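**Student:** Here it is: the structure, laid out below.
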Amino acid sequence: MIETITTTPYDDQQPGTSGLRKKVPHFQQPNYAANFIQSIFDALPLDGGETLVIGGDGRYYNREVILMAIRLAAGNGYGRVIVGKDGILSTPAASNLIRQRKASGGIILSASHNPGGPKGDFGIKYNVGNGGPAPERVTSAIFEKSKTISRYRVWTTPAPDISKLGETKLGDMIVEVIDPVADYAALMETLFDFEKIRALIALGFRLRFDAMHAVTGPYAREIFVNRLGAPADCVVNAEPKEDFGGGHPDPNAVHAADLIARLMAEDGPDFGAASDGDGDRNLIVGKGIVVSPSDSLAVLAANAHLAPAYAKGIAGVARSMPTSQAADRVAQKRGIGIYETPTGWKFFGNLLDAGKVTICGEESAGTGSDHVREKDGVWAVLLWLNVLAERRESVAAILEKHWAEFGRNFYQRHDYEEIDSKAANGLMESLRDRLASMAGQRFGTLVVSEADDFSYQDPIDGSIATSQGVRIVFSGGSRIVYRLSGTGTKGATLRVYIERFEADPAKHSLPPEEALKELIDTADVIGEIKKRTARSEPDVVT
Ligand code: VG1
Ligand code: CO
């Protein structure tokens with residue numbers, strides 16, 4: 001029986017860069033999650049009988065919300081829900097299922113790279129029928145519904161056991177519990193030359209994949225060990241844990257320090273990689289070298305044709321605005337399209353659907369292609385492996401040659417986490433106030449050529465997104481970008497993105513902090529970061 005439960009609205013259910021993210025205790029308030037999920041359904045045109053994919057990254061509170069989501073789906077007339085066994089589905093695997101099974105959408109429970117556990121973070125994201133994150137008009141509609149919600153509809157009896165594969169019924173709705181890995185692994189086999197990669201590994205090529213106790217463990221085991229023949233111990237931290245073993249499942253220099261240290265060792269592996277909580281990010285490390293995500297995007301765009309799926313060449317590349325312009329240089333040289341979008345994967349969906357671009361990427365360790373509509377960590381690792389198997393060169397050699405051919409975009413992102421929200425907003429406002437007078441100003445040897453607050457008009461549907469980050473561009477093309485994070489759950493996080501192009505190969509081996517020294521100092525002068533945030537240095541540099 002369908003039961004209608006009376007509820008009262010919360011006023012803070014506005015999705016950010018990637019869904020609604022809050023602390024677990026915040027989500028545990030009465031009806032908080034149910035309200036949001038019902039608001040999603042209320043915002044959609046539902047005819048009844050649709051298919052919905054449900055899964056998550058396995059973090060604390062995942063199971064409870066999944067069971068609730070199943071009952072809500074039955075209460076709202078869905079015909080079928082497809083759920084990952086034990087509630088597990090990586091974000092790209094969920095995107096793939098939505099597409100393959102022609103679902104009308106999917107609910108992904110994840111706070112991605114944010115820490116988990118009873119006091120950690122939780123999140124809910126809705127993906128639409130193309131498999132990608134809901135665009136802004138949908139997330140705004142959900143938020144509007146959440147502000148006035150007065151009831152939700154659930155099936156009265158409990159949801160079935162999601163630890164058993166197979167189909168059961170809840171009312172008229174079929175609940176199909178599936179192996180979370182199988183369809184995804186099959187998709188990967190269609191894209192890459194597994195035979196070639198297997199041969200590379202058989203030759204003694206050593207890889208190490210750190211799943212960070214998050215969702216990619218089972219995927220990595222199946223693909224790298226079972227299908228590609230790598231030794232079982234090459235996948236580490238492979239059991240998804242509710243609290244990610246107490247760490248942040250964020251593949252960066254701070255949280256993946258152990259992986260990086262191993263790859264810096266003389267006798268270390270040839271190739272290292274890590275992914276985040278929900279499996280959509282990737283960190284690539286070669287022996288002796290960490291690949292910056294912006295460089296990784298450019299190298300993959302330049303070499304994608306070496307993998308079967310992209311053998312005919314790629315249509316174009318899209319990158320988020322703060323991502324370095326390394327990919328632009330590849331696109332220009334190859335004569336393919338390049339698009340600059342706001343931060344967040346939802347802005348790539350239309351370009352991918354329209355066939356304008358094949359590969360997309362973000363500086364935040366996100367890379368993906370038109371095979372799904374999410375960024376995809378394991379996919380990026382496989383594309384790198386396919387390229388390495390074809391070129392039979394080291395990661396370091398590939399990067400050096402890339403820079404020699406295209407020039408090097410030195411790049412760093414500085415994050416100031418959990419700073420006072422007022423101070424952060426004040427900093428951004430002050431920058432915006434000064435934009436008009438910025439052009440022509442000199443800072444040391446740097447002269448501002450342009451300054452603006454990035455806005456974007458989607459070339460396919462014409463929708464507009466404003467206030468997407470303050471850009472200060474200097475003559476010669478160096479840039480400083482300031483924006484506030486839309487995924488944090490406490491205070492504000494200021495991200496400062498710093499970039500300088502260097503054509504001279506003799507200077508390509510400089511450490512980035514040296515190559516960017518003047519810009520880093522200038523970022524503080526222009527942004528008044530230290531003064532306004534009372535921080536002497538960033539928490540994380542990537
Ligand atoms: C961050 C990244 C952004 C990414 C988003 C979601 O957003 O900067 O590039 O798309 O996280 O990724 P923000 O607003 O905090 O800068 V994930 O892997 O957290 O879903
Ligand atoms: Co993620």
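Ordering of the structure tokens sets the chain letters (A, B, ...); residue numbers start at 1 within each chain; ligands are numbered from 1 in the order shown.
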Quick one: everything within 9 Å of Thr343 in chain A, counting only C-alpha atoms, minus sequence neighbours fewer than 3 positions away in the same chain. Send it as an MDAnalysis selection string.
**Tutor:** chainID A and resid 17 319:323 346:347 362 468:469
**Student:** List as number ranges by chain the protein and nucleic acid residues lying within 12 Å of ligand 2, with only C-alpha atoms and all ligand atoms counted.
**Tutor:** A: 17-19, 56-57, 90-92, 108-115, 123, 125, 214-216, 248-251, 274-283, 344-345, 362, 364-367, 374-378, 487
**Student:** Which residue gives the smallest distance to Ile178 in chain A among A:Gly84, A:Gly407, A:Gly77, A:Gly16, with only C-alpha atoms counted?
**Tutor:** A:Gly84
**Student:** Go through A:Met188, A:Val525, A:Ile98, A:Ile162 and flag the residue nearest Leu67 in chain A, using only C-alpha atoms for the distances.
**Tutor:**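 Result for the nearest residue to Leu67 in chain A: A:Ile162.
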**Student:** When distances are computed from only C-alpha atoms and all ligand atoms, which of A:Ile460, A:Ala492, A:Ile498, A:Ile142 shows the smallest separation from ligand 1?
**Tutor:**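 For ligand 1, the nearest of the given residues is A:Ala492.
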**Student:** Could you go through range 231-365 of chain A and tell me which residues DSSP, when run on the backbone, assigns to strand (DSSP E or B), listing them as number ranges by chain?
**Tutor:** A: 235-236, 271-274, 281, 283-286, 289-291, 316-320, 337-341, 359-362
**Student:** Which residue is closest to Ala253 in chain A? Choose from A:Asp233, A:Pro180, A:Ala304, A:Val290 and count only C-alpha atoms.
**Tutor:**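 Using only C-alpha atoms, the shortest distance to Ala253 in chain A belongs to A:Val290.
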**Student:** If we count only C-alpha atoms and set the cut-off at 12 Å, which residues sit around Glu64 in chain A, ignoring sequence neighbours fewer than 6 positions away in its own chain? Please answer as a ChimeraX atom specification.
**Tutor:** /A:24,27-28,33-34,55-56,58,70-71,86-87,109,122,158-159,161-162
**Student:** Skip range 470-475 of chain A itself and residues of its chain fewer than 2 positions away, then list as a list in words all residues within 9 Å of it, counting only C-alpha atoms.
**Tutor:** Pro322, Met428, Leu431, Arg432, Leu435, Met438, Ala439, Leu446, Val447, Val448, Ser449, Glu450, Ala451, Asp452, Asp453, Phe454, Ser467, Gln468, Gly477, Ser478, Arg479, Ile480, Val481, Tyr482 and Arg483 of chain A
**Student:** Excluding same-chain residues fewer than 3 positions from Ala202 in chain A, what lies within 8 Å of it counting only C-alpha atoms, as a list in words?
**Tutor:** Arg198, Ala199, Phe205, Gly229 and Ala230 of chain A
**Student:** Per residue of range 218-337 of chain A within 10 Å of range 391-406 of chain A, note the shortest atom pair and the distance in Å to one decimal, counting only C-alpha atoms, and order the rows by chain and increasing residue number, as a tab-separated table.
**Tutor:**
```
residue	atom	partner	partner_atom	distance
A:Asp270	CA	A:Ser394	CA	7.5
A:Phe271	CA	A:Val395	CA	7.6
A:Ile284	CA	A:Val395	CA	9.2
A:Val285	CA	A:Val395	CA	7.9
A:Gly286	CA	A:Val395	CA	5.0
A:Lys287	CA	A:Val395	CA	7.1
A:Gly288	CA	A:Ala396	CA	7.5
A:Ile289	CA	A:Ala396	CA	6.3
A:Val290	CA	A:Ala396	CA	8.8
A:Val291	CA	A:Leu399	CA	8.1
A:Asp295	CA	A:Leu399	CA	8.1
A:Ser296	CA	A:Leu399	CA	8.7
A:Ala298	CA	A:His402	CA	8.6
A:Val299	CA	A:His402	CA	6.9
A:Ala302	CA	A:His402	CA	8.5
A:Asn303	CA	A:Arg391	CA	9.6
A:Leu306	CA	A:Arg391	CA	8.7
A:Ala326	CA	A:Phe406	CA	7.8
A:Ala327	CA	A:Phe406	CA	9.4
A:Asp328	CA	A:Phe406	CA	9.7
A:Arg329	CA	A:Phe406	CA	6.2
A:Val330	CA	A:Phe406	CA	6.8
A:Gln332	CA	A:Phe406	CA	9.9
A:Lys333	CA	A:Phe406	CA	8.2
```
**Student:** Convert the current residue selection to file output with N, CA and C atoms, as a CSV table (one decimal), in the first residue's frame.
**Tutor:**
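out05.csv written:
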```
chain,number,residue,atom,x,y,z
A,270,ASP,N,55.9,1.0,-11.9
A,270,ASP,CA,56.0,1.8,-13.1
A,270,ASP,C,54.9,2.8,-13.2
A,271,PHE,N,53.8,2.4,-12.6
A,271,PHE,CA,52.6,3.2,-12.8
A,271,PHE,C,51.7,3.1,-11.6
A,284,ILE,N,46.9,10.1,-11.5
A,284,ILE,CA,47.9,9.3,-12.3
A,284,ILE,C,49.3,9.6,-11.8
A,285,VAL,N,50.1,8.6,-11.4
A,285,VAL,CA,51.5,8.8,-11.0
A,285,VAL,C,52.4,7.9,-11.8
A,286,GLY,N,53.4,8.5,-12.4
A,286,GLY,CA,54.4,7.6,-13.1
A,286,GLY,C,55.6,7.4,-12.2
A,287,LYS,N,56.5,6.6,-12.5
A,287,LYS,CA,57.7,6.4,-11.7
A,287,LYS,C,58.4,7.7,-11.7
A,288,GLY,N,58.5,8.3,-10.4
A,288,GLY,CA,59.2,9.6,-10.3
A,288,GLY,C,58.5,10.8,-10.7
A,289,ILE,N,57.2,10.7,-11.1
A,289,ILE,CA,56.5,11.9,-11.5
A,289,ILE,C,55.0,11.8,-11.3
A,290,VAL,N,54.4,12.9,-10.7
A,290,VAL,CA,53.0,13.0,-10.5
A,290,VAL,C,52.4,13.7,-11.7
A,291,VAL,N,51.4,13.2,-12.3
A,291,VAL,CA,50.9,13.8,-13.5
A,291,VAL,C,49.8,14.8,-13.0
A,295,ASP,N,47.4,18.2,-17.1
A,295,ASP,CA,48.3,17.6,-18.1
A,295,ASP,C,47.7,16.2,-18.5
A,296,SER,N,47.2,15.5,-17.6
A,296,SER,CA,46.6,14.2,-17.9
A,296,SER,C,45.6,14.3,-19.0
A,298,ALA,N,45.3,16.6,-21.2
A,298,ALA,CA,45.9,17.0,-22.5
A,298,ALA,C,46.6,15.8,-23.1
A,299,VAL,N,47.3,15.0,-22.3
A,299,VAL,CA,48.0,13.8,-22.8
A,299,VAL,C,47.0,12.8,-23.4
A,302,ALA,N,45.6,14.0,-26.6
A,302,ALA,CA,46.6,13.8,-27.7
A,302,ALA,C,46.8,12.4,-28.1
A,303,ASN,N,46.5,11.4,-27.2
A,303,ASN,CA,46.9,10.0,-27.5
A,303,ASN,C,45.7,9.1,-27.5
A,306,LEU,N,45.1,6.0,-29.8
A,306,LEU,CA,45.8,4.8,-29.6
A,306,LEU,C,44.9,3.7,-29.0
A,326,ALA,N,46.3,23.5,-21.2
A,326,ALA,CA,47.1,22.5,-21.9
A,326,ALA,C,46.3,21.8,-22.9
A,327,ALA,N,45.1,21.4,-22.6
A,327,ALA,CA,44.2,20.7,-23.6
A,327,ALA,C,43.9,21.6,-24.8
A,328,ASP,N,43.8,22.9,-24.6
A,328,ASP,CA,43.5,23.8,-25.7
A,328,ASP,C,44.6,23.7,-26.8
A,329,ARG,N,45.9,23.5,-26.3
A,329,ARG,CA,47.0,23.5,-27.2
A,329,ARG,C,46.9,22.3,-28.1
A,330,VAL,N,46.5,21.2,-27.5
A,330,VAL,CA,46.3,19.9,-28.2
A,330,VAL,C,45.2,20.1,-29.3
A,332,GLN,N,44.0,22.9,-30.6
A,332,GLN,CA,44.4,23.8,-31.6
A,332,GLN,C,45.3,23.2,-32.7
A,333,LYS,N,46.3,22.4,-32.2
A,333,LYS,CA,47.2,21.8,-33.1
A,333,LYS,C,46.6,20.7,-34.0
```
**Student:** Check the smallest atom-to-atom distance from each of A:Ser463, A:Thr148, A:Thr8, A:Ser369 to Leu191 in chain A using only C-alpha atoms, then report the winner.
**Tutor:**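 Under the stated criterion, the closest residue is A:Ser369.
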